[in-house]
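Visitor: Here you go, input.cif (mmCIF, C-alpha atoms):
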data_structure
#
loop_
_atom_site.label_atom_id
_atom_site.label_comp_id
_atom_site.auth_asym_id
_atom_site.auth_seq_id
_atom_site.Cartn_x
_atom_site.Cartn_y
_atom_site.Cartn_z
CA MET A 1 -143.07 -38.29 -0.12
CA ASP A 2 -143.00 -38.96 -3.86
CA PHE A 3 -141.15 -35.86 -5.08
CA ALA A 4 -141.94 -36.73 -8.69
CA ASN A 5 -145.61 -36.00 -7.99
CA PHE A 6 -144.92 -32.95 -5.82
CA PRO A 7 -145.83 -30.33 -8.47
CA PHE A 8 -149.25 -31.92 -9.03
CA ALA A 9 -149.78 -32.37 -5.27
CA PHE A 10 -148.90 -28.70 -4.69
CA PHE A 11 -151.26 -27.63 -7.47
CA SER A 12 -154.07 -29.81 -6.06
CA ALA A 13 -153.51 -28.42 -2.55
CA ALA A 14 -153.69 -24.85 -3.87
CA ILE A 15 -156.95 -25.62 -5.67
CA TYR A 16 -158.49 -27.11 -2.53
CA VAL A 17 -157.41 -24.12 -0.42
CA VAL A 18 -159.06 -21.76 -2.90
CA LEU A 19 -162.17 -23.97 -2.94
CA PHE A 20 -162.34 -23.94 0.86
CA CYS A 21 -162.16 -20.13 0.87
CA VAL A 22 -165.06 -20.05 -1.58
CA ILE A 23 -166.99 -22.52 0.60
CA LEU A 24 -166.42 -20.35 3.69
CA LEU A 25 -167.66 -17.27 1.84
CA GLY A 26 -170.71 -19.25 0.72
CA ALA A 27 -171.26 -20.42 4.30
CA LYS A 28 -171.13 -16.82 5.52
CA TRP A 29 -173.64 -15.78 2.86
CA ALA A 30 -175.97 -18.67 3.78
CA LYS A 31 -175.74 -17.74 7.46
CA ASP A 32 -176.71 -14.17 6.62
CA VAL A 33 -179.67 -15.42 4.61
CA PHE A 34 -180.96 -17.80 7.29
CA THR A 35 -180.64 -15.48 10.30
CA PRO A 36 -182.81 -12.42 10.99
CA TYR A 37 -179.89 -10.23 12.03
CA SER A 38 -176.93 -8.75 10.17
CA LEU A 39 -173.72 -10.61 10.91
CA ASN A 40 -171.57 -7.69 9.77
CA LYS A 41 -173.40 -5.31 12.10
CA GLU A 42 -173.25 -7.65 15.10
CA LEU A 43 -169.58 -8.52 14.63
CA ALA A 44 -168.08 -5.22 13.47
CA GLU A 45 -170.35 -2.53 14.92
CA GLN A 46 -171.78 -4.18 18.03
CA ASN A 47 -168.66 -6.18 18.97
CA ASN A 48 -171.01 -9.04 19.83
CA VAL A 49 -168.96 -11.88 21.33
CA SER A 50 -171.97 -14.23 21.52
CA ILE A 51 -172.48 -14.00 17.75
CA SER A 52 -168.75 -14.46 17.24
CA LEU A 53 -168.92 -17.68 19.27
CA THR A 54 -171.74 -19.05 17.12
CA MET A 55 -169.85 -18.15 13.94
CA ALA A 56 -166.66 -19.79 15.22
CA GLY A 57 -168.51 -23.06 15.78
CA TYR A 58 -170.26 -22.70 12.43
CA TYR A 59 -166.98 -22.30 10.54
CA ILE A 60 -165.44 -25.28 12.38
CA GLY A 61 -168.50 -27.34 11.46
CA VAL A 62 -168.10 -26.37 7.80
CA ALA A 63 -164.40 -27.30 7.92
CA LEU A 64 -165.17 -30.71 9.45
CA ILE A 65 -167.61 -31.48 6.64
CA PHE A 66 -165.18 -30.23 3.98
CA VAL A 67 -162.26 -32.27 5.33
CA SER A 68 -164.35 -35.45 5.58
CA GLN A 69 -164.44 -35.58 1.78
CA LEU A 70 -160.67 -35.27 1.39
CA SER A 71 -159.79 -38.58 3.02
CA GLY A 72 -161.39 -40.95 0.52
CA PRO A 73 -159.79 -42.41 -2.61
CA SER A 74 -159.35 -40.02 -5.52
CA VAL A 75 -161.25 -40.59 -8.76
CA GLY A 76 -159.72 -37.62 -10.55
CA LEU A 77 -159.22 -34.01 -9.53
CA LYS A 78 -162.23 -32.65 -11.41
CA THR A 79 -164.62 -35.26 -9.98
CA ASP A 80 -163.13 -34.92 -6.52
CA LEU A 81 -163.69 -31.16 -6.56
CA LEU A 82 -167.30 -31.61 -7.64
CA VAL A 83 -167.94 -34.17 -4.88
CA VAL A 84 -166.28 -32.05 -2.18
CA SER A 85 -168.14 -28.94 -3.33
CA GLY A 86 -171.49 -30.70 -3.53
CA TYR A 87 -171.32 -32.29 -0.09
CA SER A 88 -169.94 -29.07 1.44
CA VAL A 89 -172.91 -27.09 0.11
CA LEU A 90 -175.27 -29.79 1.40
CA GLY A 91 -173.50 -29.70 4.75
CA ILE A 92 -173.89 -25.91 4.97
CA LEU A 93 -177.62 -26.24 4.38
CA PHE A 94 -177.86 -28.91 7.07
CA LEU A 95 -175.82 -26.84 9.53
CA ASN A 96 -178.26 -23.95 9.14
CA LEU A 97 -181.17 -26.35 9.48
CA SER A 98 -179.63 -27.81 12.64
CA ARG A 99 -179.39 -24.33 14.15
CA TRP A 100 -183.11 -23.83 13.66
CA ILE A 101 -183.99 -27.31 14.95
CA ASN A 102 -181.85 -27.00 18.04
CA ASP A 103 -183.05 -23.48 18.79
CA LYS A 104 -186.54 -24.96 19.00
CA ALA A 105 -185.58 -28.21 20.72
CA ILE A 106 -182.44 -27.77 22.85
CA LEU A 107 -182.59 -24.07 23.77
CA ARG A 108 -186.36 -24.12 23.67
CA THR A 109 -187.28 -22.15 26.80
CA PHE A 110 -186.38 -18.69 25.47
CA CYS A 111 -185.83 -16.72 22.28
CA ASN A 112 -182.30 -17.44 21.09
CA ILE A 113 -182.17 -14.46 18.76
CA GLU A 114 -182.99 -12.07 21.60
CA LYS A 115 -180.44 -13.73 23.87
CA LEU A 116 -177.71 -13.39 21.25
CA THR A 117 -178.42 -9.96 19.79
CA VAL A 118 -180.14 -7.97 22.55
CA GLN A 119 -178.77 -9.50 25.75
CA LYS A 120 -175.50 -10.68 24.17
CA ASN A 121 -175.66 -13.83 26.26
CA ASN A 122 -172.31 -15.56 25.82
CA GLY A 123 -173.66 -18.74 27.41
CA VAL A 124 -176.14 -19.18 24.58
CA GLY A 125 -173.34 -18.32 22.15
CA ILE A 126 -171.01 -21.04 23.47
CA ILE A 127 -173.80 -23.62 23.36
CA GLN A 128 -174.57 -22.75 19.76
CA PHE A 129 -170.82 -23.04 19.13
CA SER A 130 -170.89 -26.58 20.51
CA ILE A 131 -174.03 -27.50 18.55
CA TYR A 132 -172.37 -26.47 15.29
CA VAL A 133 -169.16 -28.35 16.14
CA ALA A 134 -171.07 -31.48 17.21
CA THR A 135 -173.24 -31.29 14.08
CA GLY A 136 -170.14 -30.89 11.91
CA MET A 137 -168.59 -33.97 13.52
CA ILE A 138 -171.78 -36.00 13.06
CA ALA A 139 -172.04 -34.93 9.42
CA SER A 140 -168.37 -35.72 8.77
CA GLY A 141 -168.87 -39.18 10.25
CA ALA A 142 -171.93 -39.78 8.09
CA LEU A 143 -169.98 -38.68 5.01
CA SER A 144 -166.97 -40.93 5.66
CA GLY A 145 -166.62 -44.24 3.88
CA SER A 146 -169.03 -45.53 1.28
CA GLY A 147 -172.62 -44.36 1.38
CA SER A 148 -175.11 -42.12 -0.35
CA VAL A 149 -176.89 -38.83 0.07
CA LEU A 150 -179.77 -40.77 1.66
CA SER A 151 -177.55 -42.43 4.28
CA PHE A 152 -175.94 -39.06 5.00
CA PHE A 153 -179.37 -37.50 5.52
CA VAL A 154 -180.63 -40.35 7.73
CA PHE A 155 -177.62 -40.37 10.03
CA PHE A 156 -177.58 -36.57 10.15
CA VAL A 157 -181.20 -36.63 11.36
CA LEU A 158 -180.41 -39.38 13.86
CA GLY A 159 -177.50 -37.31 15.13
CA GLN A 160 -179.75 -34.29 15.64
CA LEU A 161 -182.24 -36.45 17.54
CA ALA A 162 -179.39 -37.74 19.70
CA LEU A 163 -178.36 -34.17 20.58
CA ILE A 164 -181.95 -33.25 21.46
CA VAL A 165 -182.59 -36.34 23.61
CA PHE A 166 -179.21 -36.02 25.30
CA SER A 167 -179.92 -32.40 26.25
CA ARG A 168 -183.14 -33.47 27.99
CA PHE A 169 -181.35 -36.33 29.72
CA TYR A 170 -178.48 -34.07 30.79
CA ASN A 171 -180.82 -31.53 32.34
CA THR A 172 -182.79 -34.25 34.14
CA LEU A 173 -179.68 -35.75 35.74
CA SER A 174 -178.06 -32.40 36.52
CA THR A 175 -178.19 -31.07 40.07
CA TYR A 176 -179.27 -27.66 38.74
CA ASP A 177 -181.73 -26.41 36.13
CA LEU A 178 -179.61 -25.76 33.04
CA TYR A 179 -182.19 -23.54 31.35
CA GLN A 180 -182.65 -21.39 34.43
CA GLU A 181 -178.89 -20.96 34.67
CA LEU A 182 -178.81 -19.89 31.02
CA GLU A 183 -181.60 -17.42 31.69
CA ASN A 184 -179.40 -16.02 34.46
CA ASP A 185 -176.44 -15.79 32.06
CA ASN A 186 -174.40 -18.42 33.90
CA PHE A 187 -171.46 -18.85 31.53
CA ALA A 188 -169.92 -21.63 33.65
CA ALA A 189 -173.03 -23.81 33.27
CA ALA A 190 -173.09 -23.11 29.53
CA ILE A 191 -169.43 -24.15 29.12
CA SER A 192 -170.05 -27.42 30.96
CA PHE A 193 -173.07 -28.22 28.78
CA ALA A 194 -171.15 -27.25 25.64
CA GLY A 195 -168.48 -29.80 26.58
CA ALA A 196 -171.17 -32.45 26.96
CA LEU A 197 -172.58 -31.71 23.49
CA ILE A 198 -169.13 -31.81 21.87
CA GLY A 199 -168.40 -35.04 23.74
CA LEU A 200 -171.59 -36.57 22.39
CA GLY A 201 -170.64 -35.36 18.92
CA ILE A 202 -167.31 -37.19 19.18
CA ILE A 203 -169.05 -40.46 20.11
CA VAL A 204 -171.80 -40.15 17.50
CA LYS A 205 -169.25 -39.26 14.81
CA ASN A 206 -167.41 -42.47 15.56
CA SER A 207 -170.59 -44.56 15.40
CA ALA A 208 -171.62 -42.98 12.06
CA SER A 209 -168.17 -43.33 10.48
CA GLY A 210 -167.03 -46.02 8.10
CA ASP A 211 -168.55 -47.81 5.15
CA PHE A 212 -172.30 -48.25 4.97
CA ILE A 213 -173.15 -51.93 5.57
CA ALA A 214 -176.92 -52.28 5.99
CA TRP A 215 -179.65 -50.10 7.45
CA LYS A 216 -180.52 -52.43 10.33
CA GLU A 217 -176.96 -53.06 11.49
CA ASP A 218 -175.79 -49.46 11.11
CA ILE A 219 -178.81 -47.88 12.82
CA LEU A 220 -178.70 -50.44 15.64
CA TRP A 221 -175.00 -49.70 16.24
CA PHE A 222 -175.68 -45.96 16.11
CA ALA A 223 -178.51 -46.28 18.65
CA THR A 224 -176.43 -48.50 20.95
CA THR A 225 -173.51 -46.07 21.14
CA ALA A 226 -175.84 -43.08 21.54
CA VAL A 227 -177.68 -44.67 24.48
CA ALA A 228 -174.38 -45.70 26.05
CA SER A 229 -173.16 -42.10 25.87
CA PHE A 230 -176.41 -40.86 27.45
CA ILE A 231 -175.67 -43.10 30.42
CA PHE A 232 -171.90 -42.95 30.74
CA LEU A 233 -171.18 -39.24 30.21
CA PRO A 234 -173.45 -37.84 32.97
CA ALA A 235 -172.61 -40.79 35.26
CA LEU A 236 -168.86 -40.29 34.88
CA LEU A 237 -169.24 -36.56 35.49
CA ARG A 238 -171.19 -37.20 38.71
CA LEU A 239 -168.59 -39.79 39.75
CA THR A 240 -165.71 -37.33 39.43
CA ASP A 241 -167.67 -34.31 40.68
CA ARG A 242 -165.83 -34.13 44.02
CA LEU A 243 -162.55 -35.69 42.93
CA VAL A 244 -161.23 -32.94 40.67
CA ILE A 245 -161.20 -30.26 43.36
CA PRO A 246 -160.91 -32.05 46.74
CA GLY A 247 -163.56 -30.85 49.17
CA LYS A 248 -165.45 -28.97 46.46
CA SER A 249 -168.25 -29.94 44.11
CA LEU A 250 -167.95 -28.91 40.47
CA ALA A 251 -171.74 -28.74 40.19
CA VAL A 252 -171.99 -26.42 43.19
CA GLU A 253 -169.17 -24.24 41.92
CA ILE A 254 -170.89 -23.99 38.53
CA ALA A 255 -174.44 -23.33 39.71
CA GLN A 256 -173.95 -21.31 42.88
CA ASN A 257 -170.60 -19.60 42.39
CA ARG A 258 -170.68 -19.36 38.58
CA ASN A 259 -167.10 -20.54 38.61
CA ILE A 260 -165.92 -20.50 34.99
CA ALA A 261 -162.83 -22.53 35.91
CA ALA A 262 -165.12 -25.28 37.24
CA GLY A 263 -167.17 -25.10 34.04
CA LEU A 264 -164.04 -25.54 31.93
CA LEU A 265 -162.91 -28.50 34.03
CA SER A 266 -166.34 -30.10 33.70
CA ALA A 267 -166.33 -29.60 29.92
CA SER A 268 -162.80 -31.02 29.59
CA LEU A 269 -163.78 -34.08 31.63
CA LEU A 270 -166.78 -34.77 29.38
CA VAL A 271 -164.70 -34.43 26.21
CA SER A 272 -161.94 -36.60 27.73
CA PHE A 273 -164.44 -39.30 28.70
CA SER A 274 -165.79 -39.21 25.14
CA PHE A 275 -162.39 -40.00 23.64
CA VAL A 276 -162.09 -42.97 26.01
CA LEU A 277 -165.63 -44.21 25.26
CA VAL A 278 -164.94 -44.04 21.52
CA LYS A 279 -162.10 -46.53 21.99
CA LEU A 280 -164.24 -48.78 24.21
CA PHE A 281 -167.17 -48.91 21.80
#
Once you've parsed the file, please lay out its structure as structure tokens.

Guide:
Amino acid sequence: MDFANFPFAFFSAAIYVVLFCVILLGAKWAKDVFTPYSLNKELAEQNNVSISLTMAGYYIGVALIFVSQLSGPSVGLKTDLLVVSGYSVLGILFLNLSRWINDKAILRTFCNIEKLTVQKNNGVGIIQFSIYVATGMIASGALSGSGSVLSFFVFFVLGQLALIVFSRFYNTLSTYDLYQELENDNFAAAISFAGALIGLGIIVKNSASGDFIAWKEDILWFATTAVASFIFLPALLRLTDRLVIPGKSLAVEIAQNRNIAAGLLSASLLVSFSFVLVKLF
């Protein structure tokens, strides 16, 4: 560490911490604006864990977007603060947009608001948690390296499409009906699916990261890694289904016994496979 520059580095760090607090408050305000329920009422008065889960993922998504802008070269503290603030605000808007898109596309078979506020369905909450985290990772990847607002928007949209298509593919290859399990408040099935979405987010983040080269090459690489993840993640999960707990099937434990431990193991396997696939692709 260059101790001669420590006072300025400390001052800069303090400014960024304050800025992040302001960004989080702005994110909370935006969430209140874009949802038909009162966050304060659900969290403080209703003790609604499902809403807390969605907010936890939302805040992590905001942090991922904020941090993505801290890793690039500095062009001056004032300019850096403006860039970080601008992209963070844009990211917050996109996170709220992604919630609406995915409510209609991924969790499309029921009313998400009713599940979260009336039924307090923690399974829906943990899936929304994973959608926010995956979206934050995708956005942070799109924001890394050189690029523009347009490239960020394009790869954000492609990332959302990847999440939607993957959810359909996941349900098709699954040995149980994911949406029916969610209707039945099967938290184990929700945890497993949440792990799959976060795993996809890890892979897509990696494919969207780095300097922008050209539209054709970057989109082709993005599509290639997305398709590979559609194939490998469910296949690897099926391959290890009976190996993790000898004599038992994770899928059976999740669907029939609602075994949360099995759901956690399934989610951890999917995330683990994603880290390996990132290195392979």

Visitor: May I ask for the distance between CA of Val276 (chain A) and CA of Asp218 (chain A), given in Å to one decimal place?

Guide: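 Taking CA of Val276 (chain A) as the start and CA of Asp218 (chain A) as the end point, the length is 21.3 Å.
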
Visitor: How would you write as a VMD selection string the residues that get within 12 Å of (-179.2, -43.8, 14.0) in the file's frame, counting all atoms listed in the file?

Guide: chain A and resid 138 141 to 142 151 to 163 204 to 209 214 to 227

Visitor: Smallest atom-to-atom distance to Val118 (chain A): which of A:Gly247, A:Val278, A:Gln46, A:Leu25, using all atoms listed in the file?

Guide: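 Looking only at the distances to Val118 (chain A), the closest residue turns out to be A:Gln46.
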
Visitor: Given the PyMOL selection byres ((chain A and resi 183-185) around 10) and the file above, list the residues it selects as a PyMOL selection string.

Guide: chain A and resi 109-110+115+119-124+178-182+186-190+258

Visitor: Restricting the output to C-alpha atoms, write the selected residues as a PDB file, keeping the file's coordinate frame.

Guide:
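selection28.pdb, freshly written:
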ATOM      1  CA  THR A 109    -187.280 -22.150  26.800  1.00  0.00           C
ATOM      2  CA  PHE A 110    -186.380 -18.690  25.470  1.00  0.00           C
ATOM      3  CA  LYS A 115    -180.440 -13.730  23.870  1.00  0.00           C
ATOM      4  CA  GLN A 119    -178.770  -9.500  25.750  1.00  0.00           C
ATOM      5  CA  LYS A 120    -175.500 -10.680  24.170  1.00  0.00           C
ATOM      6  CA  ASN A 121    -175.660 -13.830  26.260  1.00  0.00           C
ATOM      7  CA  ASN A 122    -172.310 -15.560  25.820  1.00  0.00           C
ATOM      8  CA  GLY A 123    -173.660 -18.740  27.410  1.00  0.00           C
ATOM      9  CA  VAL A 124    -176.140 -19.180  24.580  1.00  0.00           C
ATOM     10  CA  LEU A 178    -179.610 -25.760  33.040  1.00  0.00           C
ATOM     11  CA  TYR A 179    -182.190 -23.540  31.350  1.00  0.00           C
ATOM     12  CA  GLN A 180    -182.650 -21.390  34.430  1.00  0.00           C
ATOM     13  CA  GLU A 181    -178.890 -20.960  34.670  1.00  0.00           C
ATOM     14  CA  LEU A 182    -178.810 -19.890  31.020  1.00  0.00           C
ATOM     15  CA  ASN A 186    -174.400 -18.420  33.900  1.00  0.00           C
ATOM     16  CA  PHE A 187    -171.460 -18.850  31.530  1.00  0.00           C
ATOM     17  CA  ALA A 188    -169.920 -21.630  33.650  1.00  0.00           C
ATOM     18  CA  ALA A 189    -173.030 -23.810  33.270  1.00  0.00           C
ATOM     19  CA  ALA A 190    -173.090 -23.110  29.530  1.00  0.00           C
ATOM     20  CA  ARG A 258    -170.680 -19.360  38.580  1.00  0.00           C
TER      21      ARG A 258
END

Visitor: Quick check, in Å to one decimal: how far apart do CA of Ala261 (chain A) and CA of Tyr170 (chain A) lie?

Guide: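 It comes out at 20.1 Å.
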
Visitor: Just the residues within 9 Å of Ile127 (chain A), please, counting all atoms listed in the file, with nothing from its chain fewer than 6 positions along; format it as a list in words.

Guide: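 Everything that qualifies: Leu53, Thr54, Leu107, Ala190, Ile191, Phe193, Ala194, Gly195 and Leu197 of chain A.
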
Visitor: So that I can see what lies close to Tyr59 (chain A), please list as a PyMOL selection string the residues with an atom at most 9 Å from it, counting all atoms listed in the file and leaving out residues fewer than 5 positions away in the same chain.

Guide: chain A and resi 24+27-28+54+64+132-133

Visitor: Save out the residues we just selected, C-alpha atoms, as a PDB file, keeping the file's coordinate frame.

Guide:
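In the end it all went to result33.pdb:
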ATOM      1  CA  LEU A  24    -166.420 -20.350   3.690  1.00  0.00           C
ATOM      2  CA  ALA A  27    -171.260 -20.420   4.300  1.00  0.00           C
ATOM      3  CA  LYS A  28    -171.130 -16.820   5.520  1.00  0.00           C
ATOM      4  CA  THR A  54    -171.740 -19.050  17.120  1.00  0.00           C
ATOM      5  CA  LEU A  64    -165.170 -30.710   9.450  1.00  0.00           C
ATOM      6  CA  TYR A 132    -172.370 -26.470  15.290  1.00  0.00           C
ATOM      7  CA  VAL A 133    -169.160 -28.350  16.140  1.00  0.00           C
TER       8      VAL A 133
END

Visitor: Can you list, as a short mmCIF file (atom, residue, chain, number, x, y, z; two decimals) with C-alpha atoms, in the frame of the given file, every protein, DNA or RNA residue that comes within 8 Å of region 87-90 of chain A when you count all atoms listed in the file, leaving out same-chain residues fewer than 2 positions away?

Guide:
data_model
loop_
_atom_site.label_atom_id
_atom_site.label_comp_id
_atom_site.auth_asym_id
_atom_site.auth_seq_id
_atom_site.Cartn_x
_atom_site.Cartn_y
_atom_site.Cartn_z
CA ILE A 23 -166.99 -22.52 0.60
CA VAL A 62 -168.10 -26.37 7.80
CA ILE A 65 -167.61 -31.48 6.64
CA PHE A 66 -165.18 -30.23 3.98
CA GLN A 69 -164.44 -35.58 1.78
CA VAL A 83 -167.94 -34.17 -4.88
CA VAL A 84 -166.28 -32.05 -2.18
CA SER A 85 -168.14 -28.94 -3.33
CA ILE A 92 -173.89 -25.91 4.97
CA LEU A 93 -177.62 -26.24 4.38
CA PHE A 94 -177.86 -28.91 7.07
#

Visitor: Would you compute the distance between CA of Ser71 (chain A) and CA of Val22 (chain A)? Give it in Å to one decimal.

Guide: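 Separation between CA of Ser71 (chain A) and CA of Val22 (chain A): 19.8 Å.
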